[in-house]
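Novice: Attaching a single structure in structure tokens format; questions to follow.
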Amino acid sequence: MELKYRLYTPEDVPVISKLWQSSTEWGALSPALVSRHLENAPFGKPIFSVAENVETGEIVGQAVLMPSLISVKGNPVTAFRPMAAIVDHTLRVRSLNPLQHPIFRLLGHGFDEMRRRGEKLVFVLPDPRWRRVIQLMPDVQHAAFPLWSLPLPLSSSFSLEADYCVSELTKWDQRVDTLFAKAAGQFACMVMRNADALLKKSGPPEYEVLGVERSGELVGVVASKQKGDRQWLICDLMAADPEAQRATLKAVCNLAHLRSTKASAAAPIHKASVLAAPPLLPVLQELGFRRDKYDFHLFVKLFDNSVAPADVHPSLWYVSAND
């Protein structure tokens with residue numbers, strides 16, 4: 001099958017919807033999804049590449065590079081994340097050169113468009129099954145982050161100092177923006193987590209979000225939820241300083257403990273888990289977390305010489321399991 005790679009146009013929606021229905025479990029590409037993710041995405045329109053069967057004109061594959069905002073040394077930078085890469089069942093075959101597979105040809109088409117537009121970088125936390133193939137791509141930087149877990153229920157809840165107060169975060173305001181600025185200053189790179197971005201990414205009802213105050217000041221925010229088999233997943237942890245980080249982790253562990261005691265037999269919760277960025281390791285060990293049998297892999301690919309590779313090396317990022 002001869003394929004032509006090009007950018008999506010609005011006229012493609014009915015044919016792409018057909019691809020979704022025949023090749024995924026996503027259902028149809030509804031007008032609401034088109035509006036939310038293509039026409040009115042939070043950080044601008046994505047780079048949406050499609051593979052077209054030259055003979056029939058049918059669209060048999062797609063890959064999306066979704067814009068996101070990250071902090072690089074405290075400065076906002078637009079970055080892109082690969083997502084929604086699918087091909088028709090007839091193209092799901094092994095290749096002697098994986099980089100010539102239609103999925104990677106689609107991504108390559110998107111990367112060419114990024115270069116043409118002067119965009120800076122791509123980052124992705126892929127399914128581990130894609131790790132070895134992604135590492136074959138040129139100029140890709142890589143770091144691994146282990147999953148650490150704490151058995152639940154706890155023997156007793158963690159205690160916090162008297163000047164700390166923990167509650168559900170209900171006001172997504174300037175206080176969250178100020179906390180994000182402090183948290184971002186602790187890492188070379190971090191996905192944008194100001195009030196607006198964090199609410200869209202990890203807000204209720206999908207996540208439970210805690211706010212941790214110290215003497216009335218918001219010094220910690222963390223999102224968490226039950227995820228998969230027997231696990232309470234901790235995400236998007238921001239703290240003003242190491243002491244606040246410890247208190248915020250204690251708070252979310254107490255929430256996980258509470259949820260585990262109330263979980264049904266059909267959906268038990270046996271552990272609280274978190275992607276362990278290096279600065280978290282000392283307090284995770286202190287609280288009783290141990291390394292689990294899973295690694296997350298972060299890949300970063302640069303397209304612009306104005307950003308130094310050392311400034312965005314994956315090992316320097318704060319990343320969350322839901323990034």
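Chain identifiers are assigned as A, B, and so on, following the order in which chains appear in the structure tokens; residues are numbered from 1 within each chain, and ligands are numbered from 1 in order of appearance.
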Can you tell me, as a PDB file with N, CA and C atoms, in the first residue's frame, what residues are no more than 12 Å from Asp127 of chain A when counting only C-alpha atoms, ignoring any on the same chain fewer than 6 positions away?

Specialist:
ATOM      1  N   PRO A  82       3.507  13.569  21.701  1.00  0.00           N
ATOM      2  CA  PRO A  82       2.838  12.633  20.786  1.00  0.00           C
ATOM      3  C   PRO A  82       1.694  11.924  21.495  1.00  0.00           C
ATOM      4  N   MET A  83       0.593  11.768  20.785  1.00  0.00           N
ATOM      5  CA  MET A  83      -0.547  11.048  21.341  1.00  0.00           C
ATOM      6  C   MET A  83      -1.462  10.603  20.214  1.00  0.00           C
ATOM      7  N   VAL A 133      12.128   1.218  20.669  1.00  0.00           N
ATOM      8  CA  VAL A 133      12.001   1.803  19.334  1.00  0.00           C
ATOM      9  C   VAL A 133      12.258   3.306  19.385  1.00  0.00           C
ATOM     10  N   ILE A 134      11.704   3.978  20.392  1.00  0.00           N
ATOM     11  CA  ILE A 134      11.912   5.418  20.502  1.00  0.00           C
ATOM     12  C   ILE A 134      13.399   5.738  20.670  1.00  0.00           C
ATOM     13  N   TYR A 294       8.347  -1.393  38.326  1.00  0.00           N
ATOM     14  CA  TYR A 294       7.898  -0.662  37.134  1.00  0.00           C
ATOM     15  C   TYR A 294       8.752   0.591  36.991  1.00  0.00           C
ATOM     16  N   ASP A 295       9.054   0.945  35.756  1.00  0.00           N
ATOM     17  CA  ASP A 295       9.784   2.172  35.466  1.00  0.00           C
ATOM     18  C   ASP A 295       9.020   2.999  34.442  1.00  0.00           C
ATOM     19  N   PHE A 296       9.020   4.301  34.627  1.00  0.00           N
ATOM     20  CA  PHE A 296       8.539   5.247  33.639  1.00  0.00           C
ATOM     21  C   PHE A 296       9.750   5.764  32.854  1.00  0.00           C
ATOM     22  N   HIS A 297       9.559   6.000  31.558  1.00  0.00           N
ATOM     23  CA  HIS A 297      10.658   6.456  30.712  1.00  0.00           C
ATOM     24  C   HIS A 297      10.269   7.774  30.053  1.00  0.00           C
ATOM     25  N   LEU A 298      11.062   8.785  30.296  1.00  0.00           N
ATOM     26  CA  LEU A 298      10.829  10.104  29.714  1.00  0.00           C
ATOM     27  C   LEU A 298      11.826  10.319  28.582  1.00  0.00           C
ATOM     28  N   PHE A 299      11.291  10.714  27.414  1.00  0.00           N
ATOM     29  CA  PHE A 299      12.109  11.018  26.247  1.00  0.00           C
ATOM     30  C   PHE A 299      11.895  12.476  25.857  1.00  0.00           C
ATOM     31  N   ALA A 321       3.120  10.551  37.006  1.00  0.00           N
ATOM     32  CA  ALA A 321       2.659   9.387  36.261  1.00  0.00           C
ATOM     33  C   ALA A 321       1.581   9.719  35.242  1.00  0.00           C
ATOM     34  N   ASN A 322       0.932  10.869  35.380  1.00  0.00           N
ATOM     35  CA  ASN A 322      -0.131  11.247  34.439  1.00  0.00           C
ATOM     36  C   ASN A 322       0.321  12.318  33.451  1.00  0.00           C
TER      37      ASN A 322
END

Novice: Give me the residues near Thr170 of chain A as a VMD selection string, where near means some atom within 12 Å (using only C-alpha atoms) and where sequence neighbours in that chain fewer than 2 positions away do not count.

Specialist: chain A and resid 166 to 168 172 to 173 175 to 176 195 199 203 to 205 208 to 212 221

Novice: Out of segment 163-234 of chain A, which residues get strand (DSSP E) from DSSP, as a VMD selection string?

Specialist: chain A and resid 164 to 168 189 to 191 208 to 214 217 to 227 231 to 234

Novice: Using only C-alpha atoms, pick whichever of A:Glu206, A:Pro146, A:Glu217, A:Asp304 has the shortest atom-to-atom distance to Ser273 of chain A.

Specialist: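 The closest residue to Ser273 of chain A is A:Pro146.
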
Novice: Could you check which of A:Arg116, A:Lys293, A:Arg230, A:Lys182 is closest to Gln245 of chain A, using only C-alpha atoms?

Specialist: A:Lys182

Novice: Go through A:Ala240, A:Gln186, A:Lys225, A:His257 and flag the residue nearest Pro279 of chain A, using only C-alpha atoms for the distances.

Specialist: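 Residue with the minimum atom-to-atom distance to Pro279 of chain A: A:Gln186.
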
Novice: List the spatial neighbours of Val87 of chain A as a compact mmCIF listing (two decimals) with N, CA and C atoms, in the first residue's frame - criterion: any atom at most 9 Å away, only C-alpha atoms, same-chain residues fewer than 4 positions off excluded.

Specialist:
# COMPACT_ATOMS: atom_id res chain seq x y z
N LEU A 19 -12.05 5.58 10.88
CA LEU A 19 -10.83 4.90 11.32
C LEU A 19 -10.89 4.61 12.82
N SER A 23 -10.69 0.81 14.21
CA SER A 23 -9.35 0.44 14.67
C SER A 23 -9.09 0.73 16.13
N ALA A 51 -2.15 9.56 7.47
CA ALA A 51 -1.62 8.72 6.38
C ALA A 51 -2.78 8.37 5.47
N ILE A 59 -8.13 7.46 4.66
CA ILE A 59 -7.18 7.73 5.74
C ILE A 59 -7.03 6.46 6.57
N VAL A 60 -5.77 5.98 6.65
CA VAL A 60 -5.52 4.70 7.31
C VAL A 60 -4.61 4.86 8.52
N GLY A 61 -4.29 6.09 8.90
CA GLY A 61 -3.46 6.30 10.08
C GLY A 61 -3.46 7.75 10.51
N GLN A 62 -3.14 7.99 11.77
CA GLN A 62 -3.06 9.35 12.29
C GLN A 62 -2.07 9.39 13.44
N ALA A 63 -1.50 10.55 13.68
CA ALA A 63 -0.68 10.81 14.87
C ALA A 63 -0.80 12.29 15.20
N LEU A 91 -2.15 -2.35 8.62
CA LEU A 91 -0.79 -1.82 8.70
C LEU A 91 -0.08 -2.22 9.98
N ARG A 92 -0.71 -3.02 10.81
CA ARG A 92 -0.11 -3.43 12.08
C ARG A 92 0.73 -4.68 11.89
N PRO A 102 4.57 2.90 9.59
CA PRO A 102 3.70 4.08 9.39
C PRO A 102 3.53 4.95 10.63
N ILE A 103 3.52 4.35 11.83
CA ILE A 103 3.39 5.17 13.04
C ILE A 103 4.54 6.16 13.12

Novice: With only C-alpha atoms as the counted atoms, please give the residues lying no more than 10 Å from segment 148-152 of chain A, apart from itself and same-chain residues fewer than 4 positions off, as a compact mmCIF listing (two decimals) with N, CA and C atoms, in the first residue's frame.

Specialist:
# COMPACT_ATOMS: atom_id res chain seq x y z
N ARG A 230 -5.65 -2.38 42.29
CA ARG A 230 -5.22 -2.33 43.70
C ARG A 230 -4.32 -1.15 44.03
N GLN A 231 -4.34 -0.10 43.29
CA GLN A 231 -3.36 0.97 43.45
C GLN A 231 -4.02 2.34 43.63
N TRP A 232 -3.49 3.12 44.57
CA TRP A 232 -3.85 4.53 44.70
C TRP A 232 -2.67 5.34 44.15
N LEU A 233 -2.89 6.05 43.05
CA LEU A 233 -1.80 6.70 42.32
C LEU A 233 -1.69 8.16 42.73
N ILE A 234 -0.48 8.57 43.13
CA ILE A 234 -0.20 9.93 43.57
C ILE A 234 0.42 10.70 42.40
N CYS A 253 -0.82 10.26 51.59
CA CYS A 253 -0.76 8.88 52.09
C CYS A 253 -1.90 8.61 53.07
N ASN A 254 -2.23 9.59 53.90
CA ASN A 254 -3.36 9.44 54.82
C ASN A 254 -4.67 9.30 54.04
N ALA A 256 -4.91 8.06 50.98
CA ALA A 256 -4.86 6.72 50.39
C ALA A 256 -5.22 5.65 51.43
N HIS A 257 -4.71 5.83 52.64
CA HIS A 257 -5.05 4.90 53.72
C HIS A 257 -6.55 4.88 53.97
N LEU A 258 -7.16 6.06 54.04
CA LEU A 258 -8.60 6.14 54.27
C LEU A 258 -9.38 5.46 53.15
N ARG A 259 -8.98 5.73 51.91
CA ARG A 259 -9.69 5.12 50.77
C ARG A 259 -9.50 3.60 50.77
N SER A 260 -8.33 3.12 51.21
CA SER A 260 -8.10 1.67 51.22
C SER A 260 -8.99 0.99 52.26
N THR A 261 -9.24 1.66 53.37
CA THR A 261 -10.08 1.06 54.42
C THR A 261 -11.55 1.02 54.00
N PRO A 268 -10.20 -3.59 45.61
CA PRO A 268 -9.38 -3.26 46.78
C PRO A 268 -8.24 -2.32 46.42
N ILE A 269 -7.71 -1.65 47.42
CA ILE A 269 -6.53 -0.78 47.27
C ILE A 269 -5.47 -1.29 48.22
N HIS A 270 -4.37 -1.80 47.68
CA HIS A 270 -3.34 -2.42 48.50
C HIS A 270 -2.06 -1.60 48.58
N LYS A 271 -1.95 -0.52 47.79
CA LYS A 271 -0.72 0.26 47.84
C LYS A 271 -0.97 1.66 47.31
N ALA A 272 -0.17 2.60 47.82
CA ALA A 272 -0.09 3.96 47.28
C ALA A 272 1.20 4.04 46.47
N SER A 273 1.11 4.57 45.26
CA SER A 273 2.26 4.56 44.36
C SER A 273 2.51 5.94 43.79
N VAL A 274 3.79 6.21 43.50
CA VAL A 274 4.18 7.51 42.97
C VAL A 274 5.40 7.34 42.07
N LEU A 275 5.43 8.08 40.98
CA LEU A 275 6.64 8.15 40.16
C LEU A 275 7.68 8.93 40.96
N ALA A 276 8.83 8.32 41.16
CA ALA A 276 9.81 8.87 42.10
C ALA A 276 10.87 9.70 41.39
N ALA A 277 10.62 11.01 41.27
CA ALA A 277 11.67 11.93 40.83
C ALA A 277 12.75 11.95 41.91
N LEU A 281 13.06 10.99 46.66
CA LEU A 281 13.49 9.71 47.20
C LEU A 281 13.75 9.72 48.71
N LEU A 284 10.41 9.67 50.54
CA LEU A 284 9.70 8.43 50.26
C LEU A 284 10.26 7.28 51.09
N GLN A 285 11.59 7.19 51.17
CA GLN A 285 12.21 6.16 51.99
C GLN A 285 11.85 6.35 53.47
N LEU A 287 9.18 7.58 54.70
CA LEU A 287 7.78 7.24 54.97
C LEU A 287 7.47 5.76 54.76
N GLY A 288 8.46 5.00 54.29
CA GLY A 288 8.25 3.56 54.14
C GLY A 288 7.98 3.09 52.73
N PHE A 289 8.06 3.97 51.74
CA PHE A 289 7.91 3.55 50.35
C PHE A 289 9.11 2.69 49.95
N ARG A 290 8.87 1.76 49.01
CA ARG A 290 9.93 0.93 48.46
C ARG A 290 9.80 0.86 46.93
N ARG A 291 10.92 0.61 46.28
CA ARG A 291 10.90 0.56 44.82
C ARG A 291 9.98 -0.56 44.35
N ASP A 292 9.13 -0.23 43.38
CA ASP A 292 8.20 -1.20 42.81
C ASP A 292 8.79 -1.76 41.51
N LYS A 293 8.08 -2.70 40.90
CA LYS A 293 8.58 -3.37 39.70
C LYS A 293 8.08 -2.68 38.43
N TYR A 294 8.35 -1.39 38.33
CA TYR A 294 7.90 -0.66 37.13
C TYR A 294 8.75 0.59 36.99
N ASP A 295 9.05 0.95 35.76
CA ASP A 295 9.78 2.17 35.47
C ASP A 295 9.02 3.00 34.44

Novice: Excluding Ala239 of chain A and residues on its chain fewer than 3 positions from it, collect all residues at most 10 Å away from it, counting only C-alpha atoms, and give them as an MDAnalysis selection string.

Specialist: chainID A and resid 179:180 182:184 186 212 218:222 236 242:249
